[in-house]
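S.K.: mmCIF, C-alpha atoms and all ligand atoms, file my_file_11.cif:
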```
data_upload
#
loop_
_atom_site.label_atom_id
_atom_site.label_comp_id
_atom_site.auth_asym_id
_atom_site.auth_seq_id
_atom_site.Cartn_x
_atom_site.Cartn_y
_atom_site.Cartn_z
CA MET G 1 99.05 129.97 -34.89
CA PRO G 2 99.36 131.30 -31.36
CA PRO G 3 102.28 129.83 -29.43
CA ALA G 4 101.34 127.49 -26.64
CA GLU G 5 103.09 126.05 -23.66
CA PRO G 6 102.14 122.76 -22.06
CA GLY G 7 99.65 123.62 -19.37
CA GLY G 8 98.63 126.86 -21.13
CA LEU G 9 95.19 127.87 -22.28
CA HIS G 10 93.12 125.34 -24.27
CA VAL G 11 96.03 122.95 -24.50
CA ILE G 12 95.05 119.30 -24.27
CA GLU G 13 97.62 117.23 -22.48
CA PHE G 14 97.61 113.46 -22.15
CA ARG G 15 99.92 112.32 -19.37
CA ASP G 16 100.67 108.58 -19.48
CA VAL G 17 97.01 107.85 -20.09
CA GLY G 18 96.05 104.20 -19.80
CA LYS G 19 92.67 102.53 -20.16
CA ARG G 20 91.89 98.95 -19.29
CA PHE G 21 88.25 98.16 -19.98
CA ALA G 22 86.11 96.08 -17.58
CA ASP G 23 86.61 92.95 -19.71
CA GLY G 24 90.39 93.33 -19.45
CA THR G 25 90.91 94.75 -22.95
CA VAL G 26 93.70 97.31 -22.99
CA GLY G 27 92.46 100.29 -25.02
CA LEU G 28 95.40 102.52 -24.13
CA GLU G 29 98.64 101.57 -22.47
CA SER G 30 100.36 104.85 -21.93
CA LEU G 31 99.61 107.84 -24.12
CA SER G 32 101.55 111.05 -23.62
CA LEU G 33 100.82 113.85 -26.03
CA THR G 34 100.20 117.59 -26.03
CA ALA G 35 97.78 119.14 -28.51
CA ARG G 36 98.61 122.81 -28.86
CA GLU G 37 96.21 125.69 -28.67
CA GLY G 38 94.76 126.83 -31.98
CA GLU G 39 96.09 123.84 -33.90
CA ILE G 40 94.57 120.77 -35.48
CA THR G 41 96.23 117.73 -33.96
CA ALA G 42 95.42 114.65 -36.04
CA LEU G 43 95.44 111.24 -34.36
CA VAL G 44 95.93 108.51 -36.92
CA GLY G 45 96.69 104.83 -36.69
CA PRO G 46 95.41 101.36 -37.49
CA SER G 47 92.06 100.07 -36.30
CA GLY G 48 91.98 99.43 -32.56
CA CYS G 49 95.04 101.54 -31.70
CA GLY G 50 92.99 103.59 -29.25
CA LYS G 51 92.17 106.74 -31.21
CA THR G 52 88.53 106.95 -30.14
CA THR G 53 89.33 105.89 -26.59
CA SER G 54 91.91 108.64 -26.21
CA LEU G 55 89.55 111.26 -27.64
CA ARG G 56 86.83 110.24 -25.21
CA THR G 57 89.09 110.59 -22.19
CA VAL G 58 89.12 114.33 -22.90
CA ASN G 59 85.36 114.80 -22.41
CA ARG G 60 85.19 112.00 -19.85
CA MET G 61 83.07 109.64 -21.90
CA VAL G 62 85.89 107.25 -20.99
CA GLU G 63 87.66 107.46 -17.63
CA PRO G 64 91.35 106.53 -17.74
CA THR G 65 92.49 103.76 -15.42
CA SER G 66 95.91 105.35 -15.13
CA GLY G 67 97.46 108.71 -15.94
CA SER G 68 95.51 111.92 -16.47
CA VAL G 69 94.19 114.31 -19.10
CA HIS G 70 94.58 118.05 -18.64
CA LEU G 71 92.65 120.79 -20.33
CA ASP G 72 93.63 124.41 -19.80
CA GLY G 73 96.15 123.05 -17.29
CA ARG G 74 93.45 121.39 -15.16
CA ASP G 75 92.87 117.69 -14.68
CA VAL G 76 89.54 116.92 -16.38
CA ALA G 77 88.86 114.36 -13.61
CA ASP G 78 88.23 117.34 -11.31
CA ALA G 79 85.62 118.89 -13.61
CA ASP G 80 81.90 118.23 -13.57
CA PRO G 81 81.36 116.10 -16.70
CA ALA G 82 78.28 118.00 -17.87
CA GLN G 83 80.00 121.38 -17.46
CA LEU G 84 83.14 120.05 -19.08
CA ARG G 85 81.23 118.86 -22.16
CA LEU G 86 79.55 122.23 -22.64
CA GLY G 87 83.03 123.65 -23.25
CA ILE G 88 84.06 120.96 -25.73
CA GLY G 89 82.54 120.56 -29.19
CA TYR G 90 82.16 116.94 -30.29
CA VAL G 91 81.62 115.66 -33.84
CA ILE G 92 81.32 111.98 -34.68
CA GLN G 93 81.06 109.80 -37.74
CA GLN G 94 77.66 109.96 -39.46
CA ALA G 95 77.11 113.22 -37.62
CA GLY G 96 75.17 111.62 -34.74
CA LEU G 97 72.28 114.06 -35.16
CA PHE G 98 69.14 113.73 -33.09
CA PRO G 99 66.71 112.23 -35.63
CA HIS G 100 63.59 113.74 -34.06
CA ARG G 101 64.89 117.31 -33.95
CA ARG G 102 64.89 119.58 -36.93
CA VAL G 103 68.28 120.70 -38.24
CA ILE G 104 68.00 124.12 -36.59
CA ASP G 105 67.16 122.58 -33.22
CA ASN G 106 69.97 120.06 -33.49
CA VAL G 107 72.37 122.95 -33.90
CA ALA G 108 70.68 124.98 -31.15
CA THR G 109 71.07 122.14 -28.61
CA VAL G 110 74.20 123.36 -26.83
CA PRO G 111 73.27 127.07 -26.80
CA VAL G 112 69.98 126.07 -25.11
CA LEU G 113 71.90 124.01 -22.55
CA GLN G 114 74.16 127.00 -22.02
CA GLY G 115 71.12 129.01 -20.96
CA LEU G 116 70.16 130.94 -24.09
CA SER G 117 66.45 131.33 -24.80
CA ARG G 118 65.16 129.10 -27.59
CA ARG G 119 64.86 132.12 -29.83
CA GLU G 120 68.40 133.32 -29.19
CA ALA G 121 69.71 129.79 -29.58
CA ARG G 122 67.95 129.41 -32.94
CA SER G 123 69.32 132.67 -34.20
CA ARG G 124 72.83 131.59 -33.22
CA ALA G 125 72.20 128.20 -34.87
CA ALA G 126 71.10 129.90 -38.09
CA ALA G 127 74.30 131.97 -38.15
CA VAL G 128 76.47 128.89 -37.62
CA LEU G 129 74.62 126.93 -40.33
CA GLU G 130 75.39 129.74 -42.73
CA ARG G 131 79.02 129.71 -41.62
CA VAL G 132 79.43 126.03 -42.52
CA GLY G 133 77.93 126.68 -45.94
CA LEU G 134 74.45 125.23 -45.46
CA ASP G 135 71.50 126.73 -47.26
CA GLY G 136 69.09 128.31 -44.76
CA ALA G 137 66.23 126.42 -46.43
CA LEU G 138 67.60 123.20 -44.94
CA ALA G 139 67.25 124.44 -41.36
CA GLN G 140 63.66 123.24 -41.04
CA ARG G 141 64.33 119.76 -42.39
CA TRP G 142 64.70 116.56 -40.39
CA PRO G 143 68.19 115.00 -40.45
CA ALA G 144 66.96 112.07 -42.54
CA GLN G 145 66.04 114.54 -45.29
CA LEU G 146 69.67 115.58 -45.77
CA SER G 147 72.51 114.03 -47.77
CA GLY G 148 75.41 112.47 -45.86
CA GLY G 149 77.62 115.47 -46.59
CA GLN G 150 74.93 117.91 -45.44
CA GLN G 151 74.46 115.90 -42.24
CA GLN G 152 78.19 116.14 -41.53
CA ARG G 153 78.07 119.90 -42.01
CA VAL G 154 75.20 120.06 -39.53
CA GLY G 155 77.32 117.93 -37.15
CA VAL G 156 80.16 120.44 -37.45
CA ALA G 157 77.72 123.34 -37.03
CA ARG G 158 76.29 121.76 -33.89
CA ALA G 159 79.78 121.40 -32.42
CA LEU G 160 80.60 125.02 -33.25
CA ALA G 161 77.33 126.47 -31.98
CA GLY G 162 78.38 126.30 -28.34
CA ASP G 163 81.39 128.46 -29.21
CA ALA G 164 83.66 125.99 -27.40
CA PRO G 165 87.39 126.64 -27.85
CA VAL G 166 88.09 122.91 -28.05
CA LEU G 167 86.71 120.50 -30.64
CA LEU G 168 86.93 116.72 -30.64
CA MET G 169 86.30 115.24 -34.08
CA ASP G 170 86.06 111.46 -34.39
CA GLU G 171 86.24 110.32 -38.03
CA PRO G 172 83.77 113.08 -38.89
CA PHE G 173 84.10 112.77 -42.67
CA SER G 174 84.65 109.08 -43.20
CA ALA G 175 81.07 108.18 -44.15
CA VAL G 176 80.87 110.44 -47.20
CA ASP G 177 82.15 109.97 -50.74
CA PRO G 178 85.67 111.15 -51.62
CA VAL G 179 84.58 114.33 -53.42
CA VAL G 180 82.33 115.52 -50.59
CA ARG G 181 85.04 114.53 -48.15
CA VAL G 182 87.55 116.87 -49.75
CA GLU G 183 84.91 119.65 -49.73
CA LEU G 184 84.32 119.12 -46.02
CA GLN G 185 88.06 119.10 -45.34
CA ASP G 186 88.43 122.40 -47.23
CA GLU G 187 85.53 123.81 -45.26
CA LEU G 188 87.10 122.79 -41.97
CA LEU G 189 90.42 124.39 -42.94
CA ARG G 190 88.64 127.58 -43.97
CA LEU G 191 86.69 127.69 -40.69
CA GLN G 192 89.79 126.91 -38.68
CA ALA G 193 91.68 129.78 -40.32
CA GLU G 194 88.92 132.07 -39.00
CA LEU G 195 88.25 130.45 -35.65
CA GLY G 196 91.59 129.05 -34.45
CA LYS G 197 90.08 126.26 -32.32
CA THR G 198 92.11 123.63 -30.56
CA ILE G 199 91.07 120.51 -32.45
CA LEU G 200 91.78 116.84 -31.86
CA PHE G 201 90.90 115.07 -35.10
CA VAL G 202 90.74 111.28 -35.23
CA THR G 203 91.05 109.55 -38.58
CA HIS G 204 92.31 106.24 -39.91
CA ASP G 205 93.20 107.96 -43.19
CA ILE G 206 96.79 109.18 -43.30
CA ASP G 207 96.07 111.48 -46.26
CA GLU G 208 93.33 113.21 -44.30
CA ALA G 209 95.64 113.51 -41.27
CA ILE G 210 98.38 115.04 -43.43
CA ARG G 211 96.00 117.40 -45.15
CA LEU G 212 94.33 118.69 -42.00
CA GLY G 213 96.82 118.29 -39.19
CA ASP G 214 99.20 121.02 -38.10
CA ARG G 215 100.75 118.06 -36.31
CA VAL G 216 100.08 114.41 -36.82
CA ALA G 217 100.30 111.77 -34.11
CA VAL G 218 100.77 108.28 -35.55
CA LEU G 219 99.65 105.72 -32.97
CA ARG G 220 100.31 102.02 -32.65
CA VAL G 221 98.05 99.57 -30.88
CA GLY G 222 97.89 100.43 -27.18
CA GLY G 223 97.78 104.15 -27.95
CA ARG G 224 101.54 104.32 -28.06
CA LEU G 225 103.00 107.20 -30.05
CA ALA G 226 105.04 106.04 -33.01
CA GLN G 227 105.71 109.61 -34.14
CA PHE G 228 104.34 113.07 -33.46
CA ALA G 229 105.38 115.64 -36.03
CA PRO G 230 104.19 118.21 -38.58
CA PRO G 231 103.11 116.55 -41.85
CA ALA G 232 106.16 117.60 -43.88
CA GLU G 233 108.45 116.16 -41.23
CA LEU G 234 106.46 112.92 -41.11
CA LEU G 235 106.78 112.52 -44.87
CA ALA G 236 110.46 113.45 -44.97
CA HIS G 237 111.61 111.52 -41.92
CA PRO G 238 109.31 108.69 -40.81
CA ALA G 239 110.61 107.58 -37.41
CA ASP G 240 110.68 103.85 -38.15
CA GLY G 241 109.44 101.08 -40.42
CA PHE G 242 105.94 101.14 -38.93
CA VAL G 243 105.48 104.84 -39.71
CA THR G 244 107.07 104.45 -43.15
CA GLU G 245 104.61 101.72 -44.01
CA PHE G 246 101.69 103.62 -42.53
CA VAL G 247 102.55 106.83 -44.37
CA GLY G 248 102.54 104.77 -47.55
CA ARG G 249 103.76 105.22 -51.08
CA ASP G 250 104.75 108.37 -52.93
CA ARG G 251 105.79 110.15 -49.77
CA GLY G 252 108.62 111.91 -51.59
CA TYR G 253 106.17 113.32 -54.11
CA ARG G 254 103.53 114.08 -51.47
CA ARG G 255 106.09 116.00 -49.44
CA LEU G 256 106.36 118.46 -52.35
CA GLY G 257 102.88 119.58 -51.29
CA PHE G 258 104.52 121.23 -48.28
CA VAL G 259 107.47 122.84 -50.07
CA GLU G 260 106.84 126.41 -51.15
CA ALA G 261 107.62 127.15 -54.76
CA GLY G 262 108.37 130.82 -54.03
CA ALA G 263 111.49 131.04 -56.21
CA LEU G 264 110.02 129.14 -59.16
CA PRO G 265 110.51 131.14 -62.38
CA LEU G 266 107.50 131.49 -64.68
CA VAL G 267 108.06 131.29 -68.42
CA ASP G 268 106.36 133.38 -71.09
CA LEU G 269 103.85 131.43 -73.15
CA PRO G 270 102.12 132.47 -76.35
CA THR G 271 98.58 133.66 -75.54
CA ARG G 272 95.48 134.58 -77.54
CA ARG G 273 92.30 136.29 -76.55
CA ASP G 274 90.14 134.64 -79.19
CA GLY G 275 90.16 131.17 -80.70
CA GLY G 276 90.73 132.65 -84.19
CA ALA G 277 90.37 130.77 -87.43
CA ASP G 278 94.06 130.29 -88.24
CA PRO G 279 96.05 127.62 -86.37
CA PRO G 280 98.58 129.23 -84.02
CA GLY G 281 101.44 126.94 -85.12
CA GLU G 282 102.57 126.41 -81.52
CA TRP G 283 100.91 125.55 -78.20
CA THR G 284 99.06 128.72 -77.16
CA VAL G 285 97.02 129.59 -74.06
CA LEU G 286 93.53 130.88 -74.81
CA LEU G 287 92.45 133.61 -72.36
CA ASP G 288 89.00 135.05 -71.66
CA GLY G 289 88.17 138.76 -71.33
CA ALA G 290 89.24 138.72 -67.66
CA GLU G 291 92.69 137.29 -68.53
CA ARG G 292 91.73 133.87 -67.20
CA PRO G 293 93.07 130.85 -69.11
CA VAL G 294 90.28 128.72 -70.57
CA ALA G 295 92.02 126.18 -72.85
CA TRP G 296 95.14 125.27 -74.74
CA LEU G 297 95.16 125.75 -78.49
CA ALA G 298 97.29 123.06 -80.17
CA PRO G 299 99.59 124.06 -83.08
CA ASP G 300 96.84 122.85 -85.47
CA GLY G 301 94.23 125.00 -83.71
CA GLY G 302 92.48 122.18 -81.78
CA ARG G 303 91.26 123.03 -78.28
CA HIS G 304 92.59 121.01 -75.34
CA ASP G 305 91.89 120.96 -71.64
CA LEU G 306 94.34 123.05 -69.59
CA GLY G 307 95.29 120.22 -67.23
CA SER G 308 95.84 121.15 -63.57
CA VAL G 309 96.38 124.85 -63.25
CA TYR G 310 99.05 126.01 -60.82
CA THR G 311 97.89 128.73 -58.44
CA THR G 312 100.96 130.74 -57.54
CA ASP G 313 99.50 131.99 -54.28
CA ALA G 314 96.77 130.49 -52.10
CA GLY G 315 95.23 133.91 -51.38
CA ASP G 316 92.54 133.74 -48.71
CA GLY G 317 90.91 130.53 -49.82
CA VAL G 318 92.15 127.01 -49.28
CA GLN G 319 93.43 125.38 -52.43
CA GLU G 320 95.17 122.08 -52.60
CA GLY G 321 98.82 122.43 -53.60
CA ALA G 322 98.59 126.20 -54.13
CA GLY G 323 102.01 127.81 -54.08
CA THR G 324 103.82 124.51 -53.59
CA LEU G 325 106.21 122.51 -55.73
CA ARG G 326 103.65 119.71 -55.89
CA GLY G 327 101.06 122.02 -57.43
CA ALA G 328 103.64 123.34 -59.89
CA LEU G 329 104.93 119.92 -60.92
CA ASP G 330 101.44 118.55 -61.30
CA ALA G 331 100.51 121.46 -63.58
CA ALA G 332 103.55 120.80 -65.77
CA LEU G 333 102.98 117.03 -65.93
CA SER G 334 99.24 117.19 -66.61
CA SER G 335 99.44 119.77 -69.39
CA PRO G 336 99.04 118.59 -72.99
CA ALA G 337 101.65 121.22 -73.97
CA ARG G 338 104.28 119.81 -71.57
CA CYS G 339 104.25 123.14 -69.79
CA GLY G 340 101.82 124.05 -67.00
CA VAL G 341 99.72 127.19 -66.81
CA ALA G 342 100.14 129.40 -63.73
CA VAL G 343 97.45 131.76 -62.41
CA ASP G 344 97.18 134.15 -59.48
CA ALA G 345 94.71 133.77 -56.62
CA GLU G 346 91.99 135.41 -58.77
CA GLY G 347 92.58 132.93 -61.60
CA ARG G 348 94.32 135.39 -63.96
CA TYR G 349 97.08 134.13 -66.24
CA ARG G 350 100.58 134.63 -64.83
CA GLY G 351 102.83 132.48 -67.05
CA GLY G 352 103.98 128.94 -67.65
CA VAL G 353 105.54 126.34 -65.36
CA ALA G 354 108.23 124.02 -66.71
CA ALA G 355 108.87 120.68 -65.00
CA ASP G 356 112.62 121.22 -65.47
CA ASP G 357 112.45 124.41 -63.41
CA VAL G 358 110.66 122.58 -60.59
CA LEU G 359 113.31 119.86 -60.62
CA ALA G 360 116.09 122.46 -60.70
CA LEU G 361 114.60 124.08 -57.59
CA LEU G 362 114.51 120.69 -55.89
CA GLU G 363 118.18 120.14 -56.71
CA ARG G 364 118.94 123.32 -54.78
CA GLU G 365 116.98 122.16 -51.70
CA PRO G 366 119.15 121.32 -48.73
CA ALA G 367 119.98 117.60 -48.48
CA ARG G 368 117.47 115.66 -46.42
N1 LIG G 401 83.87 99.55 -24.04
C1 LIG G 401 84.88 98.74 -24.41
N2 LIG G 401 85.06 97.55 -23.82
C2 LIG G 401 86.07 96.74 -24.16
N3 LIG G 401 87.00 97.04 -25.10
C3 LIG G 401 86.87 98.22 -25.72
C4 LIG G 401 85.81 99.13 -25.42
N4 LIG G 401 85.95 100.22 -26.22
C5 LIG G 401 87.04 100.01 -26.99
N5 LIG G 401 87.60 98.81 -26.68
C6 LIG G 401 88.83 98.24 -27.27
O1 LIG G 401 89.90 99.15 -27.07
C7 LIG G 401 90.77 99.15 -28.22
C8 LIG G 401 90.86 100.55 -28.77
O2 LIG G 401 89.59 100.91 -29.31
P1 LIG G 401 89.32 102.30 -30.04
O3 LIG G 401 87.89 102.34 -30.41
O4 LIG G 401 89.84 103.39 -29.20
O5 LIG G 401 90.24 102.14 -31.32
P2 LIG G 401 90.32 103.03 -32.63
O6 LIG G 401 91.77 103.28 -32.86
O7 LIG G 401 89.45 104.22 -32.50
O8 LIG G 401 89.80 102.01 -33.72
P3 LIG G 401 88.95 102.23 -35.08
O9 LIG G 401 89.85 102.94 -36.04
O10 LIG G 401 88.68 100.81 -35.51
O11 LIG G 401 87.72 103.00 -34.71
C9 LIG G 401 90.18 98.14 -29.18
O12 LIG G 401 90.84 96.92 -28.98
C10 LIG G 401 88.73 98.03 -28.77
O13 LIG G 401 88.20 96.76 -29.07
#
```
Would you give me this structure, written as structure tokens?
Ligand SMILES: Nc1ncnc2c1ncn2[C@@H]1O[C@H](COP(=O)(O)OP(=O)(O)OP(=O)(O)O)[C@@H](O)[C@H]1O
M.R.:
Amino acid sequence: MPPAEPGGLHVIEFRDVGKRFADGTVGLESLSLTAREGEITALVGPSGCGKTTSLRTVNRMVEPTSGSVHLDGRDVADADPAQLRLGIGYVIQQAGLFPHRRVIDNVATVPVLQGLSRREARSRAAAVLERVGLDGALAQRWPAQLSGGQQQRVGVARALAGDAPVLLMDEPFSAVDPVVRVELQDELLRLQAELGKTILFVTHDIDEAIRLGDRVAVLRVGGRLAQFAPPAELLAHPADGFVTEFVGRDRGYRRLGFVEAGALPLVDLPTRRDGGADPPGEWTVLLDGAERPVAWLAPDGGRHDLGSVYTTDAGDGVQEGAGTLRGALDAALSSPARCGVAVDAEGRYRGGVAADDVLALLEREPAR
């Protein structure tokens, strides 16, 4: 991540931002926060704490009644709203696609507004659709002819098509089922690793905030910051009872997902390259021709599922728990052989992971 100073390029700075709506409702009391360049800053908090309101002060869909919002060091109040929005991608829940425009033209919207010809804009839109993993055949469909997950991908593509350095994402994945949601999260992390945008990501889901955020801002009602910290720090040291409760259960275990398992020893396991007729007599890992583990063979020869496989190194892709103590412990605990199977980034067998070794590494961690 590039370093960033407050007031630097593509930094979003909230300075004591307050919003009192016309009916007297206080949406934000006083929010001060700096979202750094090239990072995902997740805003999370209970319903009504002002997440959406704060996001919308950045692109001036909401005007603060006190304080100011600065983008690239400039007060957004001094910018022309239409110009400002062309430089800020915006993704909302349920994608917010224009129902009467085909997918390709939804995505081409901002490039057209930026002055590209329709043809150029469509060719850029097609490239971005491919980038977010959408089949080109879908480009000519109407939004209503897509699944919820596909619509969200189009929403992300539309926000990326203008090539804006800043993205505002307001609960973009909350309307899809949990499996698709994780896919979309992975996709966003993959894209972000390539693109390095400055992203403000609103969610009410602490797990999503922890998974996606380089830093997580936990808000209380009134848009007041309860804590602003990287996920591992939030899990290890919640600032107070409110954050502890909001972060929820199992935080000690979840924190292991941020602790690298670099020094974890791998143990040698018996392996076989074919199922064979004779029982192996001990738990044995069955490998395919490319050295990838496919199953456990029980001492009596019965085949069993591998359980979670521990990937020693994340490689280029995004894999949950790869290279962390959480991934290693989960592999050990979910294995029928009481020992997890470890693979490299290409999925080739590397060795076994023993729960005892994970715990021994934890013992050596500095006191918290
Ligand atoms: N246009 C408006 N007029 C009056 N009150 C509003 C308006 N928009 C938002 N509010 C109020 O401001 C507060 C903050 O709303 P906001 O939508 O920012 O919360 P949120 O944290 O995004 O909530 P949720 O997670 O439920 O979407 C709420 O009390 C809400 O009712």
S.K.: Dump as JSON lines the rows for residues of chain G within 8 Å of ligand LIG 401 (chain G): closest atom pair and distance in Å with one decimal, only C-alpha atoms and all ligand atoms counted, ordered by chain and rising residue number.
M.R.:
```
{"residue": "G:Arg20", "atom": "CA", "partner": "G:LIG401", "partner_atom": "N3", "distance": 7.8}
{"residue": "G:Phe21", "atom": "CA", "partner": "G:LIG401", "partner_atom": "C2", "distance": 4.9}
{"residue": "G:Ala22", "atom": "CA", "partner": "G:LIG401", "partner_atom": "N2", "distance": 6.5}
{"residue": "G:Asp23", "atom": "CA", "partner": "G:LIG401", "partner_atom": "C2", "distance": 5.9}
{"residue": "G:Gly24", "atom": "CA", "partner": "G:LIG401", "partner_atom": "C2", "distance": 7.2}
{"residue": "G:Thr25", "atom": "CA", "partner": "G:LIG401", "partner_atom": "N3", "distance": 5.0}
{"residue": "G:Val26", "atom": "CA", "partner": "G:LIG401", "partner_atom": "O1", "distance": 5.9}
{"residue": "G:Gly27", "atom": "CA", "partner": "G:LIG401", "partner_atom": "O1", "distance": 3.5}
{"residue": "G:Leu28", "atom": "CA", "partner": "G:LIG401", "partner_atom": "C8", "distance": 6.8}
{"residue": "G:Val44", "atom": "CA", "partner": "G:LIG401", "partner_atom": "O6", "distance": 7.8}
{"residue": "G:Gly45", "atom": "CA", "partner": "G:LIG401", "partner_atom": "O6", "distance": 6.4}
{"residue": "G:Pro46", "atom": "CA", "partner": "G:LIG401", "partner_atom": "O9", "distance": 6.0}
{"residue": "G:Ser47", "atom": "CA", "partner": "G:LIG401", "partner_atom": "O10", "distance": 3.5}
{"residue": "G:Gly48", "atom": "CA", "partner": "G:LIG401", "partner_atom": "O5", "distance": 3.5}
{"residue": "G:Cys49", "atom": "CA", "partner": "G:LIG401", "partner_atom": "O6", "distance": 3.9}
{"residue": "G:Gly50", "atom": "CA", "partner": "G:LIG401", "partner_atom": "O4", "distance": 3.2}
{"residue": "G:Lys51", "atom": "CA", "partner": "G:LIG401", "partner_atom": "O6", "distance": 3.9}
{"residue": "G:Thr52", "atom": "CA", "partner": "G:LIG401", "partner_atom": "O7", "distance": 3.7}
{"residue": "G:Thr53", "atom": "CA", "partner": "G:LIG401", "partner_atom": "O4", "distance": 3.6}
{"residue": "G:Ser54", "atom": "CA", "partner": "G:LIG401", "partner_atom": "O4", "distance": 6.4}
{"residue": "G:Val202", "atom": "CA", "partner": "G:LIG401", "partner_atom": "O7", "distance": 7.7}
{"residue": "G:Thr203", "atom": "CA", "partner": "G:LIG401", "partner_atom": "O9", "distance": 7.2}
{"residue": "G:His204", "atom": "CA", "partner": "G:LIG401", "partner_atom": "O9", "distance": 5.6}
{"residue": "G:Val221", "atom": "CA", "partner": "G:LIG401", "partner_atom": "C8", "distance": 7.6}
{"residue": "G:Gly222", "atom": "CA", "partner": "G:LIG401", "partner_atom": "C8", "distance": 7.2}
{"residue": "G:Gly223", "atom": "CA", "partner": "G:LIG401", "partner_atom": "O6", "distance": 7.8}
```
S.K.: Could you tell me which of G:Ile12, G:Ala277, G:Val353, G:Val69 comes closest to Leu167 in chain G if we count only C-alpha atoms?
M.R.: G:Ile12
S.K.: Can you tell me how far CA of Pro99 in chain G sits from CA of Val156 in chain G, in Å to one decimal?
M.R.: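 It comes out at 15.9 Å.
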S.K.: Please tell me which residues are no farther than 12 Å from (92.1, 122.4, -16.4) in the file, counting all atoms listed in the file, and write them as an MDAnalysis selection string.
M.R.: chainID G and resid 6:14 58:59 68:80 84 87
S.K.: When you draw a straight line from CA of Gly347 in chain G to CA of Pro293 in chain G, how long is it in Å?
M.R.: 7.8 Å
S.K.: Hey, which of G:Arg303, G:Arg215, G:Arg224, G:His237 ends up closest to Ala42 in chain G? Count all atoms listed in the file.
M.R.: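 Among the listed residues, the smallest separation from Ala42 in chain G belongs to G:Arg215.
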S.K.: Give me the residues within 8 Å of Asp330 in chain G as number ranges by chain, counting all atoms listed in the file and dropping any in the same chain fewer than 5 places off.
M.R.: G: 308, 310, 340
